[in-house]
>>> print(open('run11.tsv').read())   # TSV, N, CA, C and O atoms
chain	number	residue	atom	x	y	z
A	1	MET	N	0.85	-1.18	0.00
A	1	MET	CA	0.00	0.00	0.00
A	1	MET	C	0.90	1.24	0.00
A	1	MET	O	1.86	1.32	0.75
A	2	THR	N	0.55	2.18	-0.84
A	2	THR	CA	1.29	3.42	-0.97
A	2	THR	C	0.38	4.58	-0.57
A	2	THR	O	-0.83	4.52	-0.80
A	3	ALA	N	0.96	5.61	0.00
A	3	ALA	CA	0.20	6.82	0.33
A	3	ALA	C	0.85	8.00	-0.39
A	3	ALA	O	2.07	8.07	-0.52
A	4	HIS	N	0.01	8.89	-0.88
A	4	HIS	CA	0.50	10.09	-1.55
A	4	HIS	C	-0.45	11.23	-1.21
A	4	HIS	O	-1.67	11.05	-1.17
A	5	THR	N	0.12	12.41	-0.98
A	5	THR	CA	-0.68	13.60	-0.70
A	5	THR	C	-0.63	14.53	-1.90
A	5	THR	O	0.45	14.85	-2.39
A	6	PHE	N	-1.80	14.94	-2.34
A	6	PHE	CA	-1.94	15.84	-3.48
A	6	PHE	C	-2.39	17.21	-2.99
A	6	PHE	O	-3.28	17.31	-2.13
A	7	ASP	N	-1.80	18.27	-3.52
A	7	ASP	CA	-2.30	19.63	-3.31
A	7	ASP	C	-3.33	19.88	-4.39
A	7	ASP	O	-3.05	19.71	-5.58
A	8	VAL	N	-4.53	20.28	-3.97
A	8	VAL	CA	-5.67	20.36	-4.88
A	8	VAL	C	-6.35	21.72	-4.75
A	8	VAL	O	-6.41	22.29	-3.67
A	9	GLN	N	-6.88	22.21	-5.86
A	9	GLN	CA	-7.62	23.47	-5.85
A	9	GLN	C	-9.10	23.23	-5.56
A	9	GLN	O	-9.64	22.17	-5.85
A	10	ASP	N	-9.73	24.25	-5.00
A	10	ASP	CA	-11.18	24.36	-4.93
A	10	ASP	C	-11.89	23.38	-3.99
A	10	ASP	O	-13.04	23.05	-4.21
A	11	ILE	N	-11.23	22.93	-2.92
A	11	ILE	CA	-11.94	22.16	-1.90
A	11	ILE	C	-12.50	23.18	-0.92
A	11	ILE	O	-11.75	23.79	-0.16
A	12	HIS	N	-13.81	23.37	-0.93
A	12	HIS	CA	-14.41	24.45	-0.14
A	12	HIS	C	-15.13	23.99	1.12
A	12	HIS	O	-15.29	24.76	2.06
A	13	CYS	N	-15.61	22.73	1.14
A	13	CYS	CA	-16.48	22.33	2.23
A	13	CYS	C	-16.48	20.80	2.39
A	13	CYS	O	-15.82	20.08	1.64
A	14	GLN	N	-17.28	20.34	3.34
A	14	GLN	CA	-17.40	18.90	3.57
A	14	GLN	C	-18.03	18.19	2.37
A	14	GLN	O	-17.74	17.04	2.11
A	15	GLY	N	-18.89	18.89	1.66
A	15	GLY	CA	-19.49	18.31	0.46
A	15	GLY	C	-18.43	18.02	-0.59
A	15	GLY	O	-18.45	16.96	-1.25
A	16	CYS	N	-17.49	18.94	-0.74
A	16	CYS	CA	-16.36	18.73	-1.67
A	16	CYS	C	-15.53	17.55	-1.21
A	16	CYS	O	-15.12	16.71	-2.03
A	17	GLU	N	-15.27	17.48	0.09
A	17	GLU	CA	-14.48	16.37	0.63
A	17	GLU	C	-15.14	15.04	0.32
A	17	GLU	O	-14.48	14.09	-0.11
A	18	GLY	N	-16.45	14.97	0.49
A	18	GLY	CA	-17.19	13.74	0.20
A	18	GLY	C	-17.18	13.40	-1.28
A	18	GLY	O	-17.05	12.22	-1.65
A	19	ALA	N	-17.31	14.41	-2.12
A	19	ALA	CA	-17.29	14.18	-3.57
A	19	ALA	C	-15.94	13.63	-4.02
A	19	ALA	O	-15.86	12.72	-4.87
A	20	ILE	N	-14.87	14.15	-3.44
A	20	ILE	CA	-13.53	13.68	-3.77
A	20	ILE	C	-13.35	12.23	-3.32
A	20	ILE	O	-12.88	11.38	-4.08
A	21	ARG	N	-13.75	11.95	-2.10
A	21	ARG	CA	-13.63	10.58	-1.59
A	21	ARG	C	-14.41	9.60	-2.47
A	21	ARG	O	-13.90	8.54	-2.84
A	22	LYS	N	-15.61	9.97	-2.83
A	22	LYS	CA	-16.44	9.10	-3.66
A	22	LYS	C	-15.81	8.87	-5.03
A	22	LYS	O	-15.75	7.74	-5.52
A	23	ALA	N	-15.32	9.93	-5.65
A	23	ALA	CA	-14.71	9.82	-6.98
A	23	ALA	C	-13.47	8.95	-6.95
A	23	ALA	O	-13.26	8.11	-7.84
A	24	LEU	N	-12.64	9.13	-5.94
A	24	LEU	CA	-11.37	8.40	-5.90
A	24	LEU	C	-11.54	6.95	-5.48
A	24	LEU	O	-10.84	6.07	-6.00
A	25	THR	N	-12.43	6.67	-4.55
A	25	THR	CA	-12.57	5.29	-4.09
A	25	THR	C	-13.24	4.41	-5.15
A	25	THR	O	-13.20	3.18	-5.03
A	26	ARG	N	-13.79	5.00	-6.19
A	26	ARG	CA	-14.31	4.22	-7.31
A	26	ARG	C	-13.22	3.82	-8.31
A	26	ARG	O	-13.47	3.03	-9.20
A	27	LEU	N	-12.04	4.37	-8.12
A	27	LEU	CA	-10.91	4.06	-8.99
A	27	LEU	C	-10.25	2.77	-8.49
A	27	LEU	O	-9.95	2.65	-7.30
A	28	ASP	N	-10.06	1.81	-9.40
A	28	ASP	CA	-9.43	0.54	-9.02
A	28	ASP	C	-8.09	0.80	-8.34
A	28	ASP	O	-7.29	1.58	-8.83
A	29	GLY	N	-7.88	0.15	-7.22
A	29	GLY	CA	-6.62	0.26	-6.50
A	29	GLY	C	-6.62	1.27	-5.37
A	29	GLY	O	-5.78	1.21	-4.49
A	30	VAL	N	-7.56	2.20	-5.38
A	30	VAL	CA	-7.62	3.20	-4.31
A	30	VAL	C	-8.37	2.60	-3.13
A	30	VAL	O	-9.50	2.15	-3.26
A	31	ARG	N	-7.70	2.56	-2.00
A	31	ARG	CA	-8.29	1.99	-0.79
A	31	ARG	C	-8.99	3.04	0.07
A	31	ARG	O	-9.98	2.76	0.72
A	32	ASP	N	-8.43	4.26	0.08
A	32	ASP	CA	-9.01	5.32	0.89
A	32	ASP	C	-8.53	6.67	0.37
A	32	ASP	O	-7.44	6.76	-0.19
A	33	ALA	N	-9.36	7.68	0.53
A	33	ALA	CA	-9.00	9.05	0.15
A	33	ALA	C	-9.55	9.98	1.22
A	33	ALA	O	-10.73	9.92	1.55
A	34	ILE	N	-8.68	10.81	1.74
A	34	ILE	CA	-9.07	11.75	2.79
A	34	ILE	C	-8.78	13.16	2.29
A	34	ILE	O	-7.63	13.54	2.10
A	35	ALA	N	-9.84	13.91	2.05
A	35	ALA	CA	-9.71	15.29	1.58
A	35	ALA	C	-9.85	16.24	2.76
A	35	ALA	O	-10.64	16.01	3.67
A	36	ASP	N	-9.09	17.33	2.74
A	36	ASP	CA	-9.12	18.33	3.81
A	36	ASP	C	-9.32	19.71	3.18
A	36	ASP	O	-8.44	20.21	2.49
A	37	SER	N	-10.49	20.29	3.45
A	37	SER	CA	-10.82	21.59	2.86
A	37	SER	C	-10.00	22.73	3.47
A	37	SER	O	-9.87	23.79	2.86
A	38	VAL	N	-9.44	22.55	4.64
A	38	VAL	CA	-8.64	23.60	5.28
A	38	VAL	C	-7.28	23.71	4.59
A	38	VAL	O	-6.81	24.80	4.26
A	39	SER	N	-6.64	22.57	4.35
A	39	SER	CA	-5.31	22.58	3.75
A	39	SER	C	-5.33	22.43	2.23
A	39	SER	O	-4.29	22.56	1.59
A	40	ASN	N	-6.52	22.15	1.65
A	40	ASN	CA	-6.64	21.86	0.22
A	40	ASN	C	-5.72	20.73	-0.20
A	40	ASN	O	-5.03	20.80	-1.22
A	41	GLN	N	-5.71	19.68	0.63
A	41	GLN	CA	-4.91	18.49	0.33
A	41	GLN	C	-5.78	17.24	0.36
A	41	GLN	O	-6.78	17.19	1.08
A	42	VAL	N	-5.34	16.26	-0.43
A	42	VAL	CA	-6.01	14.97	-0.46
A	42	VAL	C	-4.94	13.90	-0.25
A	42	VAL	O	-3.98	13.82	-1.02
A	43	MET	N	-5.11	13.10	0.80
A	43	MET	CA	-4.21	11.96	1.02
A	43	MET	C	-4.91	10.72	0.49
A	43	MET	O	-6.05	10.44	0.85
A	44	VAL	N	-4.19	10.00	-0.36
A	44	VAL	CA	-4.74	8.81	-0.98
A	44	VAL	C	-3.88	7.60	-0.64
A	44	VAL	O	-2.66	7.64	-0.79
A	45	HIS	N	-4.53	6.54	-0.18
A	45	HIS	CA	-3.88	5.25	0.05
A	45	HIS	C	-4.29	4.35	-1.10
A	45	HIS	O	-5.49	4.15	-1.33
A	46	TYR	N	-3.30	3.83	-1.82
A	46	TYR	CA	-3.62	3.05	-3.02
A	46	TYR	C	-2.61	1.95	-3.26
A	46	TYR	O	-1.50	1.96	-2.72
A	47	ASP	N	-3.01	1.01	-4.08
A	47	ASP	CA	-2.15	-0.10	-4.50
A	47	ASP	C	-1.47	0.32	-5.80
A	47	ASP	O	-2.13	0.46	-6.83
A	48	GLY	N	-0.16	0.53	-5.73
A	48	GLY	CA	0.59	1.01	-6.88
A	48	GLY	C	0.61	0.04	-8.06
A	48	GLY	O	0.94	0.44	-9.18
A	49	SER	N	0.25	-1.22	-7.83
A	49	SER	CA	0.20	-2.17	-8.94
A	49	SER	C	-1.11	-2.07	-9.71
A	49	SER	O	-1.24	-2.64	-10.79
A	50	GLN	N	-2.08	-1.33	-9.16
A	50	GLN	CA	-3.38	-1.19	-9.81
A	50	GLN	C	-3.66	0.20	-10.35
A	50	GLN	O	-4.52	0.36	-11.22
A	51	THR	N	-3.01	1.21	-9.80
A	51	THR	CA	-3.23	2.57	-10.26
A	51	THR	C	-1.96	3.39	-10.02
A	51	THR	O	-1.00	2.90	-9.45
A	52	SER	N	-1.98	4.63	-10.49
A	52	SER	CA	-0.81	5.49	-10.39
A	52	SER	C	-1.21	6.88	-9.91
A	52	SER	O	-2.40	7.24	-9.92
A	53	THR	N	-0.20	7.67	-9.55
A	53	THR	CA	-0.50	9.04	-9.15
A	53	THR	C	-1.08	9.83	-10.31
A	53	THR	O	-1.93	10.70	-10.11
A	54	GLU	N	-0.66	9.51	-11.53
A	54	GLU	CA	-1.20	10.19	-12.72
A	54	GLU	C	-2.68	9.89	-12.89
A	54	GLU	O	-3.48	10.79	-13.18
A	55	ALA	N	-3.07	8.63	-12.70
A	55	ALA	CA	-4.48	8.25	-12.83
A	55	ALA	C	-5.32	8.91	-11.74
A	55	ALA	O	-6.45	9.35	-11.99
A	56	ILE	N	-4.76	8.99	-10.54
A	56	ILE	CA	-5.48	9.64	-9.44
A	56	ILE	C	-5.62	11.13	-9.72
A	56	ILE	O	-6.71	11.70	-9.55
A	57	ALA	N	-4.57	11.78	-10.19
A	57	ALA	CA	-4.63	13.20	-10.53
A	57	ALA	C	-5.64	13.45	-11.64
A	57	ALA	O	-6.39	14.44	-11.60
A	58	ASP	N	-5.69	12.57	-12.63
A	58	ASP	CA	-6.67	12.70	-13.71
A	58	ASP	C	-8.09	12.60	-13.17
A	58	ASP	O	-8.97	13.35	-13.56
A	59	ARG	N	-8.32	11.66	-12.25
A	59	ARG	CA	-9.65	11.49	-11.66
A	59	ARG	C	-10.04	12.72	-10.85
A	59	ARG	O	-11.18	13.17	-10.90
A	60	LEU	N	-9.08	13.27	-10.11
A	60	LEU	CA	-9.36	14.50	-9.36
A	60	LEU	C	-9.75	15.64	-10.30
A	60	LEU	O	-10.72	16.37	-10.04
A	61	ALA	N	-9.01	15.81	-11.38
A	61	ALA	CA	-9.30	16.88	-12.35
A	61	ALA	C	-10.68	16.67	-12.98
A	61	ALA	O	-11.45	17.62	-13.13
A	62	THR	N	-10.99	15.43	-13.33
A	62	THR	CA	-12.30	15.12	-13.92
A	62	THR	C	-13.43	15.45	-12.95
A	62	THR	O	-14.50	15.90	-13.37
A	63	ALA	N	-13.18	15.24	-11.66
A	63	ALA	CA	-14.19	15.53	-10.63
A	63	ALA	C	-14.29	17.03	-10.33
A	63	ALA	O	-15.15	17.45	-9.56
A	64	GLY	N	-13.39	17.83	-10.92
A	64	GLY	CA	-13.44	19.28	-10.72
A	64	GLY	C	-12.47	19.81	-9.69
A	64	GLY	O	-12.59	20.96	-9.25
A	65	TYR	N	-11.50	18.98	-9.31
A	65	TYR	CA	-10.52	19.38	-8.29
A	65	TYR	C	-9.11	19.17	-8.84
A	65	TYR	O	-8.44	18.19	-8.49
A	66	PRO	N	-8.64	20.08	-9.68
A	66	PRO	CA	-7.32	19.89	-10.30
A	66	PRO	C	-6.18	19.94	-9.30
A	66	PRO	O	-6.21	20.69	-8.33
A	67	VAL	N	-5.19	19.10	-9.56
A	67	VAL	CA	-3.99	19.04	-8.73
A	67	VAL	C	-3.10	20.23	-9.06
A	67	VAL	O	-2.94	20.60	-10.23
A	68	ILE	N	-2.53	20.84	-8.04
A	68	ILE	CA	-1.62	21.96	-8.20
A	68	ILE	C	-0.20	21.39	-8.25
A	68	ILE	O	0.19	20.62	-7.38
A	69	GLY	N	0.55	21.81	-9.25
A	69	GLY	CA	1.96	21.42	-9.32
A	69	GLY	C	2.24	20.12	-9.94
A	69	GLY	O	1.87	19.19	-10.25
>>> encode(input="run11.tsv", output="structure tokens")
Amino acid sequence: MTAHTFDVQDIHCQGCEGAIRKALTRLDGVRDAIADSVSNQVMVHYDGSQTSTEAIADRLATAGYPVIG
């Protein structure tokens, strides 16, 4: 299991946090996603043999929360 923290734009509230968690946990290999609207960060625990940071970043962007940097 691998963990990675993403800096993300536009996390405004608990609803955003829930939307991010829902979008990411539907991605194969993602075990958990914790979004924080205060820090605008998302910590993702995932299986690196099933997905990648690029795929996770793409899913975040598709959900409306683009990764910074």
>>> residues_around(input="run11.tsv", residues="His12 of chain A", least_positions_apart="6", cutoff="8 Å", atoms="all atoms listed in the file", output="PyMOL selection string")
chain A and resi 36-38+40
>>> closest_residue(input="run11.tsv", among="A:Ser39, A:Leu24, A:His4, A:Glu17", to="Leu60 of chain A", atoms="all atoms listed in the file")
A:Leu24
>>> residues_near_point(input="run11.tsv", point="(-10.0, 9.5, 3.1)", cutoff="8 Å", atoms="all atoms listed in the file", output="ChimeraX atom specification")
/A:17,20-21,31-36,42-45
>>> atom_distance(input="run11.tsv", atom1="atom N of Asp10 of chain A", atom2="atom C of Ala63 of chain A")
10.1 Å
>>> atom_distance(input="run11.tsv", atom1="atom CA of Asp28 of chain A", atom2="atom CA of Arg59 of chain A")
11.3 Å
>>> select_by_dssp(input="run11.tsv", residues="chain A", states="alpha helix (DSSP H)", output="mmCIF file with N, CA, C and O atoms, in the frame of the given file")
data_model
loop_
_atom_site.group_PDB
_atom_site.id
_atom_site.type_symbol
_atom_site.label_atom_id
_atom_site.label_comp_id
_atom_site.auth_asym_id
_atom_site.auth_seq_id
_atom_site.Cartn_x
_atom_site.Cartn_y
_atom_site.Cartn_z
ATOM 1 N N GLN A 14 -17.280 20.340 3.340
ATOM 2 C CA GLN A 14 -17.400 18.900 3.570
ATOM 3 C C GLN A 14 -18.030 18.190 2.370
ATOM 4 O O GLN A 14 -17.740 17.040 2.110
ATOM 5 N N GLY A 15 -18.890 18.890 1.660
ATOM 6 C CA GLY A 15 -19.490 18.310 0.460
ATOM 7 C C GLY A 15 -18.430 18.020 -0.590
ATOM 8 O O GLY A 15 -18.450 16.960 -1.250
ATOM 9 N N CYS A 16 -17.490 18.940 -0.740
ATOM 10 C CA CYS A 16 -16.360 18.730 -1.670
ATOM 11 C C CYS A 16 -15.530 17.550 -1.210
ATOM 12 O O CYS A 16 -15.120 16.710 -2.030
ATOM 13 N N GLU A 17 -15.270 17.480 0.090
ATOM 14 C CA GLU A 17 -14.480 16.370 0.630
ATOM 15 C C GLU A 17 -15.140 15.040 0.320
ATOM 16 O O GLU A 17 -14.480 14.090 -0.110
ATOM 17 N N GLY A 18 -16.450 14.970 0.490
ATOM 18 C CA GLY A 18 -17.190 13.740 0.200
ATOM 19 C C GLY A 18 -17.180 13.400 -1.280
ATOM 20 O O GLY A 18 -17.050 12.220 -1.650
ATOM 21 N N ALA A 19 -17.310 14.410 -2.120
ATOM 22 C CA ALA A 19 -17.290 14.180 -3.570
ATOM 23 C C ALA A 19 -15.940 13.630 -4.020
ATOM 24 O O ALA A 19 -15.860 12.720 -4.870
ATOM 25 N N ILE A 20 -14.870 14.150 -3.440
ATOM 26 C CA ILE A 20 -13.530 13.680 -3.770
ATOM 27 C C ILE A 20 -13.350 12.230 -3.320
ATOM 28 O O ILE A 20 -12.880 11.380 -4.080
ATOM 29 N N ARG A 21 -13.750 11.950 -2.100
ATOM 30 C CA ARG A 21 -13.630 10.580 -1.590
ATOM 31 C C ARG A 21 -14.410 9.600 -2.470
ATOM 32 O O ARG A 21 -13.900 8.540 -2.840
ATOM 33 N N LYS A 22 -15.610 9.970 -2.830
ATOM 34 C CA LYS A 22 -16.440 9.100 -3.660
ATOM 35 C C LYS A 22 -15.810 8.870 -5.030
ATOM 36 O O LYS A 22 -15.750 7.740 -5.520
ATOM 37 N N ALA A 23 -15.320 9.930 -5.650
ATOM 38 C CA ALA A 23 -14.710 9.820 -6.980
ATOM 39 C C ALA A 23 -13.470 8.950 -6.950
ATOM 40 O O ALA A 23 -13.260 8.110 -7.840
ATOM 41 N N LEU A 24 -12.640 9.130 -5.940
ATOM 42 C CA LEU A 24 -11.370 8.400 -5.900
ATOM 43 C C LEU A 24 -11.540 6.950 -5.480
ATOM 44 O O LEU A 24 -10.840 6.070 -6.000
ATOM 45 N N THR A 25 -12.430 6.670 -4.550
ATOM 46 C CA THR A 25 -12.570 5.290 -4.090
ATOM 47 C C THR A 25 -13.240 4.410 -5.150
ATOM 48 O O THR A 25 -13.200 3.180 -5.030
ATOM 49 N N THR A 53 -0.200 7.670 -9.550
ATOM 50 C CA THR A 53 -0.500 9.040 -9.150
ATOM 51 C C THR A 53 -1.080 9.830 -10.310
ATOM 52 O O THR A 53 -1.930 10.700 -10.110
ATOM 53 N N GLU A 54 -0.660 9.510 -11.530
ATOM 54 C CA GLU A 54 -1.200 10.190 -12.720
ATOM 55 C C GLU A 54 -2.680 9.890 -12.890
ATOM 56 O O GLU A 54 -3.480 10.790 -13.180
ATOM 57 N N ALA A 55 -3.070 8.630 -12.700
ATOM 58 C CA ALA A 55 -4.480 8.250 -12.830
ATOM 59 C C ALA A 55 -5.320 8.910 -11.740
ATOM 60 O O ALA A 55 -6.450 9.350 -11.990
ATOM 61 N N ILE A 56 -4.760 8.990 -10.540
ATOM 62 C CA ILE A 56 -5.480 9.640 -9.440
ATOM 63 C C ILE A 56 -5.620 11.130 -9.720
ATOM 64 O O ILE A 56 -6.710 11.700 -9.550
ATOM 65 N N ALA A 57 -4.570 11.780 -10.190
ATOM 66 C CA ALA A 57 -4.630 13.200 -10.530
ATOM 67 C C ALA A 57 -5.640 13.450 -11.640
ATOM 68 O O ALA A 57 -6.390 14.440 -11.600
ATOM 69 N N ASP A 58 -5.690 12.570 -12.630
ATOM 70 C CA ASP A 58 -6.670 12.700 -13.710
ATOM 71 C C ASP A 58 -8.090 12.600 -13.170
ATOM 72 O O ASP A 58 -8.970 13.350 -13.560
ATOM 73 N N ARG A 59 -8.320 11.660 -12.250
ATOM 74 C CA ARG A 59 -9.650 11.490 -11.660
ATOM 75 C C ARG A 59 -10.040 12.720 -10.850
ATOM 76 O O ARG A 59 -11.180 13.170 -10.900
ATOM 77 N N LEU A 60 -9.080 13.270 -10.110
ATOM 78 C CA LEU A 60 -9.360 14.500 -9.360
ATOM 79 C C LEU A 60 -9.750 15.640 -10.300
ATOM 80 O O LEU A 60 -10.720 16.370 -10.040
ATOM 81 N N ALA A 61 -9.010 15.810 -11.380
ATOM 82 C CA ALA A 61 -9.300 16.880 -12.350
ATOM 83 C C ALA A 61 -10.680 16.670 -12.980
ATOM 84 O O ALA A 61 -11.450 17.620 -13.130
ATOM 85 N N THR A 62 -10.990 15.430 -13.330
ATOM 86 C CA THR A 62 -12.300 15.120 -13.920
ATOM 87 C C THR A 62 -13.430 15.450 -12.950
ATOM 88 O O THR A 62 -14.500 15.900 -13.370
#
>>> select_by_dssp(input="run11.tsv", residues="chain A", states="strand (DSSP E)", output="NGL selection string")
:A and (2-7 or 30-36 or 41-46)
>>> residues_around(input="run11.tsv", residues="Gly29 of chain A", least_positions_apart="4", cutoff="6 Å", atoms="all atoms listed in the file", output="JSON, numbers by chain")
{"A": [45, 46, 47, 48, 50, 51]}
>>> atom_distance(input="run11.tsv", atom1="atom CA of Thr2 of chain A", atom2="atom CA of Ala57 of chain A")
14.9 Å
>>> residues_around(input="run11.tsv", residues="Gly64 of chain A", least_positions_apart="6", cutoff="7 Å", atoms="all atoms listed in the file", output="compact mmCIF listing (two decimals) with N, CA, C and O atoms, in the coordinates of the input")
# COMPACT_ATOMS: atom_id res chain seq x y z
N GLN A 9 -6.88 22.21 -5.86
CA GLN A 9 -7.62 23.47 -5.85
C GLN A 9 -9.10 23.23 -5.56
O GLN A 9 -9.64 22.17 -5.85
N ASP A 10 -9.73 24.25 -5.00
CA ASP A 10 -11.18 24.36 -4.93
C ASP A 10 -11.89 23.38 -3.99
O ASP A 10 -13.04 23.05 -4.21
N ILE A 11 -11.23 22.93 -2.92
CA ILE A 11 -11.94 22.16 -1.90
C ILE A 11 -12.50 23.18 -0.92
O ILE A 11 -11.75 23.79 -0.16
N ASP A 58 -5.69 12.57 -12.63
CA ASP A 58 -6.67 12.70 -13.71
C ASP A 58 -8.09 12.60 -13.17
O ASP A 58 -8.97 13.35 -13.56
>>> closest_residue(input="run11.tsv", among="A:Lys22, A:Val67, A:Ala3, A:Val8", to="Glu54 of chain A", atoms="only C-alpha atoms")
A:Val67
>>> closest_residue(input="run11.tsv", among="A:Cys13, A:Asp7, A:Ile56, A:Leu27", to="Ile68 of chain A", atoms="all atoms listed in the file")
A:Asp7
>>> decode(input="run11.tsv", residues="segment 49-57 of chain A", atoms="all heavy atoms", output="PDB file, in the first residue's frame")
ATOM      1  N   SER A  49       0.251  -1.217  -7.834  1.00  0.00           N
ATOM      2  CA  SER A  49       0.203  -2.170  -8.942  1.00  0.00           C
ATOM      3  C   SER A  49      -1.111  -2.070  -9.712  1.00  0.00           C
ATOM      4  O   SER A  49      -1.239  -2.645 -10.786  1.00  0.00           O
ATOM      5  CB  SER A  49       0.406  -3.608  -8.439  1.00  0.00           C
ATOM      6  OG  SER A  49      -0.709  -4.039  -7.678  1.00  0.00           O
ATOM      7  N   GLN A  50      -2.079  -1.329  -9.160  1.00  0.00           N
ATOM      8  CA  GLN A  50      -3.383  -1.194  -9.814  1.00  0.00           C
ATOM      9  C   GLN A  50      -3.661   0.200 -10.350  1.00  0.00           C
ATOM     10  O   GLN A  50      -4.515   0.363 -11.221  1.00  0.00           O
ATOM     11  CB  GLN A  50      -4.500  -1.584  -8.845  1.00  0.00           C
ATOM     12  CG  GLN A  50      -4.492  -3.049  -8.492  1.00  0.00           C
ATOM     13  CD  GLN A  50      -5.665  -3.394  -7.623  1.00  0.00           C
ATOM     14  OE1 GLN A  50      -5.849  -2.828  -6.546  1.00  0.00           O
ATOM     15  NE2 GLN A  50      -6.474  -4.326  -8.091  1.00  0.00           N
ATOM     16  N   THR A  51      -3.006   1.207  -9.800  1.00  0.00           N
ATOM     17  CA  THR A  51      -3.233   2.575 -10.262  1.00  0.00           C
ATOM     18  C   THR A  51      -1.961   3.386 -10.023  1.00  0.00           C
ATOM     19  O   THR A  51      -0.996   2.901  -9.450  1.00  0.00           O
ATOM     20  CB  THR A  51      -4.465   3.208  -9.580  1.00  0.00           C
ATOM     21  OG1 THR A  51      -4.820   4.404 -10.283  1.00  0.00           O
ATOM     22  CG2 THR A  51      -4.217   3.527  -8.114  1.00  0.00           C
ATOM     23  N   SER A  52      -1.980   4.627 -10.489  1.00  0.00           N
ATOM     24  CA  SER A  52      -0.805   5.492 -10.389  1.00  0.00           C
ATOM     25  C   SER A  52      -1.208   6.882  -9.911  1.00  0.00           C
ATOM     26  O   SER A  52      -2.397   7.240  -9.920  1.00  0.00           O
ATOM     27  CB  SER A  52      -0.144   5.607 -11.762  1.00  0.00           C
ATOM     28  OG  SER A  52      -1.019   6.278 -12.657  1.00  0.00           O
ATOM     29  N   THR A  53      -0.201   7.670  -9.548  1.00  0.00           N
ATOM     30  CA  THR A  53      -0.496   9.042  -9.145  1.00  0.00           C
ATOM     31  C   THR A  53      -1.084   9.828 -10.315  1.00  0.00           C
ATOM     32  O   THR A  53      -1.934  10.696 -10.109  1.00  0.00           O
ATOM     33  CB  THR A  53       0.756   9.752  -8.602  1.00  0.00           C
ATOM     34  OG1 THR A  53       1.799   9.694  -9.572  1.00  0.00           O
ATOM     35  CG2 THR A  53       1.229   9.131  -7.303  1.00  0.00           C
ATOM     36  N   GLU A  54      -0.660   9.508 -11.532  1.00  0.00           N
ATOM     37  CA  GLU A  54      -1.196  10.190 -12.718  1.00  0.00           C
ATOM     38  C   GLU A  54      -2.683   9.891 -12.889  1.00  0.00           C
ATOM     39  O   GLU A  54      -3.480  10.791 -13.183  1.00  0.00           O
ATOM     40  CB  GLU A  54      -0.435   9.789 -13.981  1.00  0.00           C
ATOM     41  CG  GLU A  54       0.999  10.260 -14.018  1.00  0.00           C
ATOM     42  CD  GLU A  54       1.967   9.364 -13.245  1.00  0.00           C
ATOM     43  OE1 GLU A  54       1.585   8.244 -12.799  1.00  0.00           O
ATOM     44  OE2 GLU A  54       3.123   9.792 -13.057  1.00  0.00           O
ATOM     45  N   ALA A  55      -3.070   8.630 -12.703  1.00  0.00           N
ATOM     46  CA  ALA A  55      -4.482   8.248 -12.834  1.00  0.00           C
ATOM     47  C   ALA A  55      -5.316   8.909 -11.739  1.00  0.00           C
ATOM     48  O   ALA A  55      -6.449   9.348 -11.989  1.00  0.00           O
ATOM     49  CB  ALA A  55      -4.635   6.734 -12.782  1.00  0.00           C
ATOM     50  N   ILE A  56      -4.760   8.988 -10.544  1.00  0.00           N
ATOM     51  CA  ILE A  56      -5.476   9.639  -9.444  1.00  0.00           C
ATOM     52  C   ILE A  56      -5.621  11.128  -9.724  1.00  0.00           C
ATOM     53  O   ILE A  56      -6.707  11.704  -9.545  1.00  0.00           O
ATOM     54  CB  ILE A  56      -4.753   9.378  -8.106  1.00  0.00           C
ATOM     55  CG1 ILE A  56      -4.801   7.885  -7.780  1.00  0.00           C
ATOM     56  CG2 ILE A  56      -5.361  10.218  -6.987  1.00  0.00           C
ATOM     57  CD1 ILE A  56      -3.875   7.462  -6.656  1.00  0.00           C
ATOM     58  N   ALA A  57      -4.567  11.775 -10.190  1.00  0.00           N
ATOM     59  CA  ALA A  57      -4.628  13.202 -10.529  1.00  0.00           C
ATOM     60  C   ALA A  57      -5.639  13.451 -11.642  1.00  0.00           C
ATOM     61  O   ALA A  57      -6.388  14.438 -11.596  1.00  0.00           O
ATOM     62  CB  ALA A  57      -3.250  13.715 -10.933  1.00  0.00           C
TER      63      ALA A  57
END
